[in-house]
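**Q** Can you read through this structure? Questions will come right after.
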Amino acid sequence: MSPPRTPYPWWRSAVVYQVYPRSFADGNGDGIGDIAGLRKRLPYLADLGIDAVWINPWYPSPMKDAGYDVADYRDIEPLFGTLAEAEALLQEAHALGLRVLLDIVPNHCSDQHVWFQQALKAAPGSPERDRFIFRPGKGAHGEIPPNDWISEFGGPAWSRTTGPDGQPGDWYLRIFAPEQPDFNWDNPEVLAEFEKTLRFWFDRGVDGFRIDVAHGLVKASGLPDVGPRTLPAHADANHPHWDLPGVHAIYRAWRKVADSYDDPRIFVAEAWVHPGDRLARYVRSDELHTAFNFDYLVAPWRAEQLRASINGTLAAHAEVGAPPTWVLSNHDVAREVSRYARPQTTAPLRWLDDLLGQPADFALGLQRARAAALLMLALPGGAYIYQGEELGLPEVEDLPDAVLQDPMFEQTGRTSRGRDGCRVPIPWEGAQPHFGFSPPTSAPPWLPQPANWAALSVSAQSRVEGSTLDLYRKALQLRRSDIGLGGYGLQWLPSPEGALVFTRGSGFVCMVNVSAEPLALPAGAKLLLNSGTLDAQGRVPADTAVWLHTS
């Protein structure tokens with residue numbers, strides 16, 4: 001069963017809610033979120049007003065990278081539940097009118113995956129090893145990695161094997177953790193295996209996939225050194241393992257699989273590429289449907305940068321007839337409340353490491369995050385909301401070293417705080433941790449929650465006029481109504497420096513005062529929603545956004 005079809009493709013303007021399952025809701029009391037907890041909270045998501053749910057990896061995994069080290073792509077991790085529970089969740093979500101997207105991890109798997117275990121036992125040059133990227137090392141005894149590539153988590157991107165005789169052997173590529181060997185996408189077996197996985201889940205009613213590291217599958221022939229490059233990797237059109245042309249053939253094949261269903265399935269790409277025209281190549285009509293707009297995510301709270309990102313995104317996507325997909329945060333970046341709490345320079349803020357040591361005003365960060373939410377939800381295209389974003393949760397910046405689990409922490413010699421601060425279990429109710437995340441008398445949550453989150457819980461905000469949860473619910477309700485947000489056009493209106501004002505549809509206006517003097521509302525305008533309090537003269541102060549309707 002699938003949700004009712006709409007007159008236009010649902011994904012072009014969908015608002016999708018990201019569920020990080022181990023931190024969303026714990027149903028069995030072990031302190032780790034699971035499918036049972038998610039099923040219980042589905043009515044909350046439907047009431048929020050979203051269109052779909054994206055679930056981070058729930059597959060069997062040793063959990064060396066929070067499930068992004070997949071041991072079996074066609075089953076459920078026992079920590080989270082069973083395949084039968086997953087199938088029940090799909091039916092229940094569809095009955096509530098919610099689509100369901102899963103996460104697929106095609107760049108790498110777990111070192112416990114059956115294929116990699118076979119590769120380790122096989123000889124160099126064997127078909128089993130050709131599914132991955134094995135190479136002999138350099139140096140007199142092969143003791144030097146095959147090239148200079150660096151892991152995204154720190155250190156070399158290569159790990160050395162040990163032969164049956166106990167002697168060091170070849171090296172294998174793993175752009176992320178040592179337990180995450182990269183697939184060789186030049187091997188046709190890899191493409192065939194992933195097409196089987198797509199069909200396995202599509203046949204069970206899954207509506208689409210978010211593609212992890214979508215820009216990283218193909219590596220340059222010969223695996224050349226990166227060398228002394230100065231550009232950020234995502235902005236380098238000639239990088240040897242990011243955003244190579246070969247990825248597009250893979251996604252054209254995947255699109256054919258998705259289109260073969262009566263209710264076509266969809267994809268969204270996690271592709272950290274820049275500028276916008278390179279990102280737009282992923283969403284051409286015969287490839288993927290949408291792609292996260294990370295240029296917008298890391299844009300500082302400065303009107304000129306936000307306007308430039310919006311304009312560049314709209315222009316690039318218009319060239320290929322695809323809708324933009326806007327996002328403020330996710331499980332890999334510091335939460336926007338904490339990013340916006342810092343001084344907003346032209347430098348992008350992405351990681352918790354970028355924030356530490358900078359002065360912070362968290363009340364201001366929340367005020368800006370609320371305004372940013374109205375801006376994002378007023379833009380043409382789709383949007384993603386990361387769990388807890390609708391509650392105004394900040395990054396947890398002071399987790400003890402002993403509880404950190406992100407591999408980035410250890411692989412950088414404990415110099416990077418990693419991404420655990422945005423993955424702390426969300427608060428549902430009550431005055432103290434675990435805030436209803438787990439049933440009563442349960443084990444402590446897998447990451448500790450701040451004691452001051454009681455005021456941010458779902459129950460504390462649910463019936464409070466003007467709360468952040470109330471703001472999101474009203475914005476999503478209005479977005480679904482006939483106020484002119486269903487199309488794709490946007491027209492900028494005159495505004496002072498430091499402000500963004502645009503109109504869409506028939507009479508809808510969004511005004512965002514980023515840093516200007518207070519803005520007067522247009523004469524006769526009807527105020528639909530405001531992210532913060534207007535001043536005594538009814539004007540829009542700095543760090544505030546409003547939605548209006550003009551006749």
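By convention here, the chains of the structure tokens are called A, B, ... in the order presented, each chain's residues are numbered starting at 1, and ligands are numbered starting at 1 in the order presented.
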Can you tell me, as a list in words, which residues in region 19-55 of chain A count as helix (DSSP H, G or I) by DSSP?
**A**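 Helix (DSSP H, G or I) members of region 19-55 of chain A, listed: Pro21, Arg22, Ser23, Ile35, Ala36, Gly37, Leu38, Arg39, Lys40, Arg41, Leu42, Pro43, Tyr44, Leu45, Ala46, Asp47 and Leu48 of chain A.
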**Q** One number please: CA of Leu471 (chain A) to CA of Leu490 (chain A), in Å, one decimal.
**A**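 That distance, rounded to one decimal, is 22.7 Å.
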**Q** Skipping near chain neighbours, those fewer than 3 positions away, what residues fall within 10 Å of Asn184 (chain A) using only C-alpha atoms, listed as a PDB file with N, CA, C and O atoms, in the first residue's frame?
**A**
```pdb
ATOM      1  N   ASN A 107      29.096   3.429  -1.320  1.00  0.00           N
ATOM      2  CA  ASN A 107      30.532   3.652  -1.476  1.00  0.00           C
ATOM      3  C   ASN A 107      31.356   2.582  -0.765  1.00  0.00           C
ATOM      4  O   ASN A 107      32.429   2.205  -1.225  1.00  0.00           O
ATOM      5  N   HIS A 108      30.844   2.095   0.359  1.00  0.00           N
ATOM      6  CA  HIS A 108      31.602   1.158   1.184  1.00  0.00           C
ATOM      7  C   HIS A 108      30.639   0.279   1.961  1.00  0.00           C
ATOM      8  O   HIS A 108      29.451   0.582   2.067  1.00  0.00           O
ATOM      9  N   ARG A 129      38.520 -10.316  -4.606  1.00  0.00           N
ATOM     10  CA  ARG A 129      39.172  -9.049  -4.254  1.00  0.00           C
ATOM     11  C   ARG A 129      38.822  -7.930  -5.225  1.00  0.00           C
ATOM     12  O   ARG A 129      38.882  -6.750  -4.874  1.00  0.00           O
ATOM     13  N   ASP A 130      38.447  -8.286  -6.446  1.00  0.00           N
ATOM     14  CA  ASP A 130      38.134  -7.253  -7.437  1.00  0.00           C
ATOM     15  C   ASP A 130      36.840  -6.516  -7.124  1.00  0.00           C
ATOM     16  O   ASP A 130      36.554  -5.490  -7.727  1.00  0.00           O
ATOM     17  N   ARG A 131      36.056  -7.008  -6.184  1.00  0.00           N
ATOM     18  CA  ARG A 131      34.854  -6.274  -5.763  1.00  0.00           C
ATOM     19  C   ARG A 131      35.216  -5.056  -4.905  1.00  0.00           C
ATOM     20  O   ARG A 131      34.364  -4.201  -4.656  1.00  0.00           O
ATOM     21  N   PHE A 132      36.460  -5.019  -4.442  1.00  0.00           N
ATOM     22  CA  PHE A 132      36.956  -3.927  -3.615  1.00  0.00           C
ATOM     23  C   PHE A 132      38.199  -3.345  -4.287  1.00  0.00           C
ATOM     24  O   PHE A 132      38.487  -3.666  -5.445  1.00  0.00           O
ATOM     25  N   ILE A 133      38.914  -2.483  -3.593  1.00  0.00           N
ATOM     26  CA  ILE A 133      40.078  -1.823  -4.193  1.00  0.00           C
ATOM     27  C   ILE A 133      41.312  -2.198  -3.386  1.00  0.00           C
ATOM     28  O   ILE A 133      41.650  -1.551  -2.384  1.00  0.00           O
ATOM     29  N   PHE A 134      41.940  -3.285  -3.787  1.00  0.00           N
ATOM     30  CA  PHE A 134      43.173  -3.769  -3.171  1.00  0.00           C
ATOM     31  C   PHE A 134      44.362  -3.356  -4.042  1.00  0.00           C
ATOM     32  O   PHE A 134      44.290  -3.436  -5.278  1.00  0.00           O
ATOM     33  N   LEU A 173      41.540   0.103   0.085  1.00  0.00           N
ATOM     34  CA  LEU A 173      41.093   1.499   0.208  1.00  0.00           C
ATOM     35  C   LEU A 173      39.879   1.578   1.109  1.00  0.00           C
ATOM     36  O   LEU A 173      38.950   0.781   0.980  1.00  0.00           O
ATOM     37  N   PRO A 181      35.564  -0.831   4.013  1.00  0.00           N
ATOM     38  CA  PRO A 181      36.257  -0.934   2.723  1.00  0.00           C
ATOM     39  C   PRO A 181      35.407  -0.402   1.567  1.00  0.00           C
ATOM     40  O   PRO A 181      34.203  -0.656   1.499  1.00  0.00           O
ATOM     41  N   ASN A 187      33.533  -2.870 -11.183  1.00  0.00           N
ATOM     42  CA  ASN A 187      33.176  -4.279 -11.241  1.00  0.00           C
ATOM     43  C   ASN A 187      31.655  -4.403 -11.432  1.00  0.00           C
ATOM     44  O   ASN A 187      30.885  -3.932 -10.603  1.00  0.00           O
ATOM     45  N   PRO A 188      31.196  -5.027 -12.517  1.00  0.00           N
ATOM     46  CA  PRO A 188      29.747  -5.112 -12.771  1.00  0.00           C
ATOM     47  C   PRO A 188      28.982  -5.876 -11.697  1.00  0.00           C
ATOM     48  O   PRO A 188      27.780  -5.676 -11.541  1.00  0.00           O
ATOM     49  N   GLU A 189      29.653  -6.763 -10.959  1.00  0.00           N
ATOM     50  CA  GLU A 189      28.978  -7.467  -9.876  1.00  0.00           C
ATOM     51  C   GLU A 189      28.453  -6.498  -8.814  1.00  0.00           C
ATOM     52  O   GLU A 189      27.420  -6.748  -8.193  1.00  0.00           O
ATOM     53  N   VAL A 190      29.181  -5.424  -8.595  1.00  0.00           N
ATOM     54  CA  VAL A 190      28.786  -4.460  -7.570  1.00  0.00           C
ATOM     55  C   VAL A 190      27.486  -3.767  -7.982  1.00  0.00           C
ATOM     56  O   VAL A 190      26.541  -3.654  -7.186  1.00  0.00           O
ATOM     57  N   LEU A 191      27.414  -3.321  -9.227  1.00  0.00           N
ATOM     58  CA  LEU A 191      26.187  -2.689  -9.714  1.00  0.00           C
ATOM     59  C   LEU A 191      25.013  -3.651  -9.626  1.00  0.00           C
ATOM     60  O   LEU A 191      23.927  -3.293  -9.159  1.00  0.00           O
ATOM     61  N   LEU A 217      31.585   7.267  -5.427  1.00  0.00           N
ATOM     62  CA  LEU A 217      31.667   5.857  -5.772  1.00  0.00           C
ATOM     63  C   LEU A 217      32.815   5.536  -6.724  1.00  0.00           C
ATOM     64  O   LEU A 217      33.467   4.496  -6.591  1.00  0.00           O
ATOM     65  N   VAL A 218      33.059   6.395  -7.691  1.00  0.00           N
ATOM     66  CA  VAL A 218      34.037   6.110  -8.748  1.00  0.00           C
ATOM     67  C   VAL A 218      35.376   6.776  -8.414  1.00  0.00           C
ATOM     68  O   VAL A 218      35.417   7.922  -7.985  1.00  0.00           O
ATOM     69  N   LYS A 219      36.452   6.025  -8.611  1.00  0.00           N
ATOM     70  CA  LYS A 219      37.801   6.536  -8.370  1.00  0.00           C
ATOM     71  C   LYS A 219      38.551   6.664  -9.700  1.00  0.00           C
ATOM     72  O   LYS A 219      38.310   5.898 -10.638  1.00  0.00           O
TER      73      LYS A 219
END
```
**Q** Using only C-alpha atoms, find each residue in region 8-83 of chain A having at least one atom no more than 12 Å away from region 287-297 of chain A; report its shortest atom-to-atom pair and that distance in Å (one decimal), rows by chain then rising number, as JSON lines.
**A**
```
{"residue": "A:Pro9", "atom": "CA", "partner": "A:His289", "partner_atom": "CA", "distance": 10.3}
{"residue": "A:Trp10", "atom": "CA", "partner": "A:His289", "partner_atom": "CA", "distance": 11.1}
{"residue": "A:Trp11", "atom": "CA", "partner": "A:His289", "partner_atom": "CA", "distance": 8.0}
{"residue": "A:Arg12", "atom": "CA", "partner": "A:Thr290", "partner_atom": "CA", "distance": 8.0}
{"residue": "A:Ser13", "atom": "CA", "partner": "A:Thr290", "partner_atom": "CA", "distance": 10.3}
{"residue": "A:Ala14", "atom": "CA", "partner": "A:Thr290", "partner_atom": "CA", "distance": 10.6}
{"residue": "A:Val16", "atom": "CA", "partner": "A:Phe292", "partner_atom": "CA", "distance": 11.6}
```
**Q** If we count only C-alpha atoms and set the cut-off at 6 Å, which residues sit around Cys109 (chain A), ignoring sequence neighbours fewer than 6 positions away in its own chain? Please answer as JSON, numbers by chain.
**A** {"A": [69, 70, 180, 181]}
**Q** Report, in Å with one decimal, the straight-line distance from CA of Pro245 (chain A) to CA of Ala192 (chain A).
**A**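 Interatomic distance here is 19.6 Å.
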**Q** Excluding Ser442 (chain A) and residues on its chain fewer than 3 positions from it, collect all residues at most 12 Å away from it, counting only C-alpha atoms, and give them as a list of chain:residue names.
**A** A:Asp26, A:Gly27, A:Asn28, A:Gly29, A:Asp30, A:Gly31, A:Ile32, A:Gly33, A:Pro433, A:His434, A:Phe435, A:Gly436, A:Phe437, A:Ser438, A:Pro439, A:Pro445, A:Trp446
**Q** Neighbouring residues of region 140-146 of chain A were defined as those with any atom within 10 Å, considering only C-alpha atoms; residues of the same chain fewer than 6 positions away were excluded. Please report them as a list of chain:residue names.
**A** A:Phe134, A:Pro156, A:Ala157, A:Trp158, A:Ser159, A:Arg160, A:Pro168, A:Gly169, A:Asp170, A:Trp171, A:Tyr172, A:Leu173, A:Leu223, A:Pro224, A:Asp225
